[in-house]
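Quick notes on the structure that follows.
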Amino acid sequence: MSRLMVARNTLRTPHLGAILAGLACLALLLPASYFLGNWYQADLVRQERAKAAEELSAHANALASAVDQRLALLQGLYAFTRTEWPDTAFDRPFQVYASGVYFNTTGIKTLMIAPEGIARYIFPAYDAVVLSGYDVLNDPDPGTRNDVQRAIHTGGITISQPGELRQGGFGLTAWQAVFRGSNLWGLVSVSIDMNTVLQDAGLTGQGTSLEMALRDRLGFTFYGSSQVWQQEPMIQSISLPEGSWDLGGAPAQGWVAAVQTAVQLFRIGSLLIAFLIASLVYLSVNRQGRLARAVAQRTREIDSAHQLLEQRVQERTHQLSALLDVSRRLGSTLALEPLLTQILSEIKPVLDFSAACILQLYEDGRLVQMSTTQEELLPTSLAGICWQDERLQGQVISTLQPVIECEWTMDGASPLKFCWMGIPLVIKEHASGMLVFIHQDPHYYAQEHARLAMAFAQQVAVAIENARLYEQARQLAVLEERQRLARELHDSVSQVLYSIGLGARTARASLAQDPAQATEALDYVNRLAEAGQVEMRTLIFELRPESLQTEGLVAALEKLAQVLEARHQLAVQADLCTEPEISLDLKETLYRIAQEATHNIVKHARASQVTLSLACAGGQAHLVIADDGLGFDTDKPHPGHLGISSMHERVSRYHGEVHIVSTPGHGTRIEVIIPLAA
């Protein structure tokens, strides 16, 4: 026992080599941390200066643009003066022009025209009180006189040093001399409000971390603090008609202070990392054995977790694949009973069960068995019993939630116990039936199985609903066809019969007195009888075209063309191939599509000519129906779109294509292509 305690104490005592290794590592890392901190500080300062340069460049460009925009007004005033002068009523045009410039541009203090150097035309009026009669050539300010003289000598624009304006406010004045020939006529000037210009350039806002200053070409700082130039600022030059201004910017406390917080965090972090690395070296040397065992154990745990994860991924992939297969089958057939049986067989590998049943809920509350599957190992008495537990059925239907009953007993007399799980089939928040699963293990099913079964139940519910909607659509189509035939009988055959009766009465009345007229009436009755017979045959053929089997598709299409010409007075151009070697179902599909297309032409197109062609070559049937009628916009709803949808549905069963080209006012062309192999 004492040796064991000694061994444990020895393991807990720090090893001298580990301590020395940790100290040596720390001695190397501390200087590296110091130099790395200095490098990081210098790099941050470079980044800050680069950011400042970008910010100053944007402000400088904005300031230059703002100044140039105002100076352009001086050139406009110069052009106005040369154009309008001399004019005996010059004051009125000047007031109109100046007011337009003044009120449409911010930052303009005063517009002035000084013929012979004397200010005579000034806008706005309140500045005229101060400046009227002002002798610009003999201004008491030497700087202003120099600006005016430069404007006269150079003939270009000169800018005064920003400062207090004669008429009040902080700004600058731009001058330009006006010559008549080689003689000086006078000067024009525009006074600019610098506060507005600086605001437009974004220099007076709060969205910057820089302290900025502006100095003119003489080095005078007219905006900001002159201390900025002592802080190693970033400087951007602003080009002006005379020289340039410098825009400088730097952090208020200096560049190093601007990055000090980040540098301190970096230094603290580097020190922590240095101590952490030294500690890791110490632990690595002192506890290498235990660390190796811990790493090995952790590796085994990770491998085990990885294998478990792969297994779960495979299971989930298998589940999703089964769901995808079920979804694909929903669109492949509307035969409900074989589809439900196939769905149960595809659920079996994913959600194990000993027996399963699909029950459909009818409006009267009855649950009717639709499809079942059962293992041979279960007793035959299970069939028809496990689906009839009314208590559990009612719970599933009323709550629309899965119900799991562990140790469910098949009946009162049997000792056999199973796990029972009921899953509702839900459509639009209403129950349409339920799925029931039975497993021999009394505690097999859990909530995870219920969640998976709900996904399959949704597919089953969709299949049942699709079958119900298809049956409704089929019955509606039958009803609509009957109504259409009734209208046809009323509009055609009944009218013919009425005319026959009228002609027969006429013949009978004329038989004794005028046999010739009676004969003519009987001929009329005979012609009406023949027309009625044609109409009746046409309607019978449209209802059940048995001649497709006896006479063929081409003959049926020819009759369809004859009906269009005889009944609706349409000019039909038929270009039909020889009778194709295809199935009767495919023939009927092509005929029904042609029938639907011509029905739409008669009902909607108001056409005068119809083209009907059929070609069978290259392994495919090619049917084209075209007209010269009104046409329609294929991207917008249209009464004929229901028939078009029916065409697409018919062709999709044979993996064919329907192409519809139509433009309002230019007719419609329907092209159907179906592989003959279908």
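Ordering of the structure tokens sets the chain letters (A, B, ...); residue numbers start at 1 within each chain; ligands are numbered from 1 in the order shown.
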List the neighbours of Gln230 in chain A out to 12 Å using only C-alpha atoms; skip same-chain residues closer than 3 positions along the sequence, and give me the result as a list of chain:residue names.
-> A:Glu211, A:Met212, A:Ala213, A:Ser225, A:Ser226, A:Gln227, A:Pro233, A:Met234, A:Ile235, A:Gly248, A:Gly249, A:Ala250, A:Pro251, A:Ala252, A:Gln253, A:Gly254, A:Trp255
Members of range 27-244 of chain A assigned alpha helix (DSSP H) by DSSP, as a PyMOL selection string = chain A and resi 27-84+91-104+125-131+142-154+194-200
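Put simply, CA of His648 in chain A is 22.7 Å away from CA of His666 in chain A.
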Contacts of range 553-562 of chain A within 9 Å, only C-alpha atoms, excl. fewer than 3 positions in-chain, as number ranges by chain | A: 538, 541, 545, 547-549, 565-567, 570-574, 576-580, 584, 587-588, 590-591, 594-595, 598, 610, 612, 614
Just to be explicit: take each residue in the selection above, keep N, CA and C atoms, and write the result as a compact mmCIF listing (two decimals), in the first residue's frame.
```txt
# COMPACT_ATOMS: atom_id res chain seq x y z
N THR A 538 -72.27 11.20 -87.06
CA THR A 538 -71.15 12.02 -86.56
C THR A 538 -71.14 12.05 -85.04
N PHE A 541 -70.12 8.72 -83.69
CA PHE A 541 -68.68 8.52 -83.87
C PHE A 541 -67.87 9.32 -82.83
N PRO A 545 -65.72 6.25 -81.16
CA PRO A 545 -65.19 6.11 -82.53
C PRO A 545 -64.70 4.68 -82.81
N SER A 547 -64.81 3.14 -85.44
CA SER A 547 -64.20 3.03 -86.76
C SER A 547 -62.69 3.15 -86.70
N LEU A 548 -62.16 3.64 -85.56
CA LEU A 548 -60.70 3.63 -85.41
C LEU A 548 -60.16 2.21 -85.54
N GLN A 549 -60.90 1.25 -85.02
CA GLN A 549 -60.44 -0.14 -85.07
C GLN A 549 -60.74 -0.77 -86.41
N GLU A 565 -66.09 20.79 -92.46
CA GLU A 565 -66.51 21.48 -93.67
C GLU A 565 -68.03 21.55 -93.79
N ALA A 566 -68.71 20.41 -93.47
CA ALA A 566 -70.16 20.35 -93.67
C ALA A 566 -70.91 21.11 -92.59
N ARG A 567 -70.51 20.96 -91.34
CA ARG A 567 -71.28 21.53 -90.23
C ARG A 567 -70.89 22.96 -89.93
N LEU A 570 -65.99 25.39 -92.70
CA LEU A 570 -64.57 25.71 -92.64
C LEU A 570 -63.86 25.06 -93.82
N ALA A 571 -62.89 25.77 -94.40
CA ALA A 571 -62.07 25.20 -95.47
C ALA A 571 -60.95 24.40 -94.83
N VAL A 572 -60.99 23.08 -94.98
CA VAL A 572 -60.05 22.19 -94.31
C VAL A 572 -59.09 21.61 -95.35
N GLN A 573 -57.79 21.77 -95.09
CA GLN A 573 -56.77 21.16 -95.94
C GLN A 573 -56.16 20.00 -95.17
N ALA A 574 -56.46 18.76 -95.60
CA ALA A 574 -56.00 17.57 -94.90
C ALA A 574 -54.83 16.95 -95.65
N LEU A 576 -52.73 13.70 -94.93
CA LEU A 576 -52.64 12.55 -94.03
C LEU A 576 -51.82 11.45 -94.68
N CYS A 577 -51.01 10.80 -93.86
CA CYS A 577 -50.17 9.69 -94.35
C CYS A 577 -51.01 8.43 -94.45
N THR A 578 -50.39 7.34 -94.86
CA THR A 578 -51.07 6.05 -94.87
C THR A 578 -51.30 5.59 -93.44
N GLU A 579 -52.21 4.64 -93.27
CA GLU A 579 -52.57 4.17 -91.93
C GLU A 579 -51.33 3.65 -91.19
N PRO A 580 -51.01 4.24 -89.98
CA PRO A 580 -49.80 3.83 -89.26
C PRO A 580 -50.00 2.52 -88.51
N LEU A 584 -54.19 0.67 -80.84
CA LEU A 584 -55.49 1.33 -80.89
C LEU A 584 -55.56 2.47 -79.87
N LYS A 587 -53.87 5.43 -81.33
CA LYS A 587 -54.72 6.02 -82.37
C LYS A 587 -55.82 6.89 -81.75
N GLU A 588 -56.46 6.35 -80.70
CA GLU A 588 -57.53 7.11 -80.06
C GLU A 588 -56.98 8.38 -79.42
N LEU A 590 -54.38 10.20 -80.47
CA LEU A 590 -54.16 11.17 -81.53
C LEU A 590 -55.49 11.74 -82.04
N TYR A 591 -56.49 10.87 -82.15
CA TYR A 591 -57.79 11.35 -82.64
C TYR A 591 -58.42 12.31 -81.64
N ALA A 594 -56.81 15.69 -81.85
CA ALA A 594 -57.29 16.42 -83.02
C ALA A 594 -58.72 16.90 -82.81
N GLN A 595 -59.56 16.07 -82.18
CA GLN A 595 -60.94 16.45 -81.91
C GLN A 595 -61.01 17.64 -80.96
N THR A 598 -59.79 20.86 -82.84
CA THR A 598 -60.79 21.41 -83.77
C THR A 598 -62.00 21.96 -83.02
N VAL A 610 -58.48 25.72 -91.93
CA VAL A 610 -57.87 24.80 -90.97
C VAL A 610 -56.97 23.85 -91.73
N LEU A 612 -54.92 20.24 -91.31
CA LEU A 612 -54.84 19.02 -90.50
C LEU A 612 -53.88 18.07 -91.20
N LEU A 614 -51.02 14.61 -90.71
CA LEU A 614 -50.50 13.49 -89.92
C LEU A 614 -49.38 12.83 -90.71
```
Tell me which of A:Leu392, A:Ala257, A:Ala21, A:Leu137 sits closest to Ser284 in chain A, counting only C-alpha atoms.
-> A:Ala21
Considering only C-alpha atoms, state which residue in the set A:Glu581, A:Val178, A:Ile404, A:Arg606 is at the smallest distance from Thr83 in chain A.
-> A:Val178
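Every protein, DNA or RNA residue with an atom at most 12 Å from His59 in chain A, where only C-alpha atoms count and chain neighbours fewer than 5 positions away do not, is listed here: Ala52, Ala53, Glu54, Ala64, Ser65, Ala66, Val197, Leu198, Gln199, Asp200, Ala201, Gly202, Leu203, Thr204, Gly205, Gly207, Thr208, Leu210, Met212, Ala213, Leu214, Ile235, Gln236, Ser237, Ile238, Asp246, Leu247, Gly248 and Gly249 of chain A.
If only C-alpha atoms are the atoms counted, then among A:Gly163, A:Gly186, A:Gly171, A:Gly665 the closest residue to Thr81 in chain A is A:Gly186.
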Non-local contacts of His439 in chain A (8 Å; only C-alpha atoms; under 3 positions in same chain excluded) as an MDAnalysis selection string | chainID A and resid 352:355 418:420 442 444:445
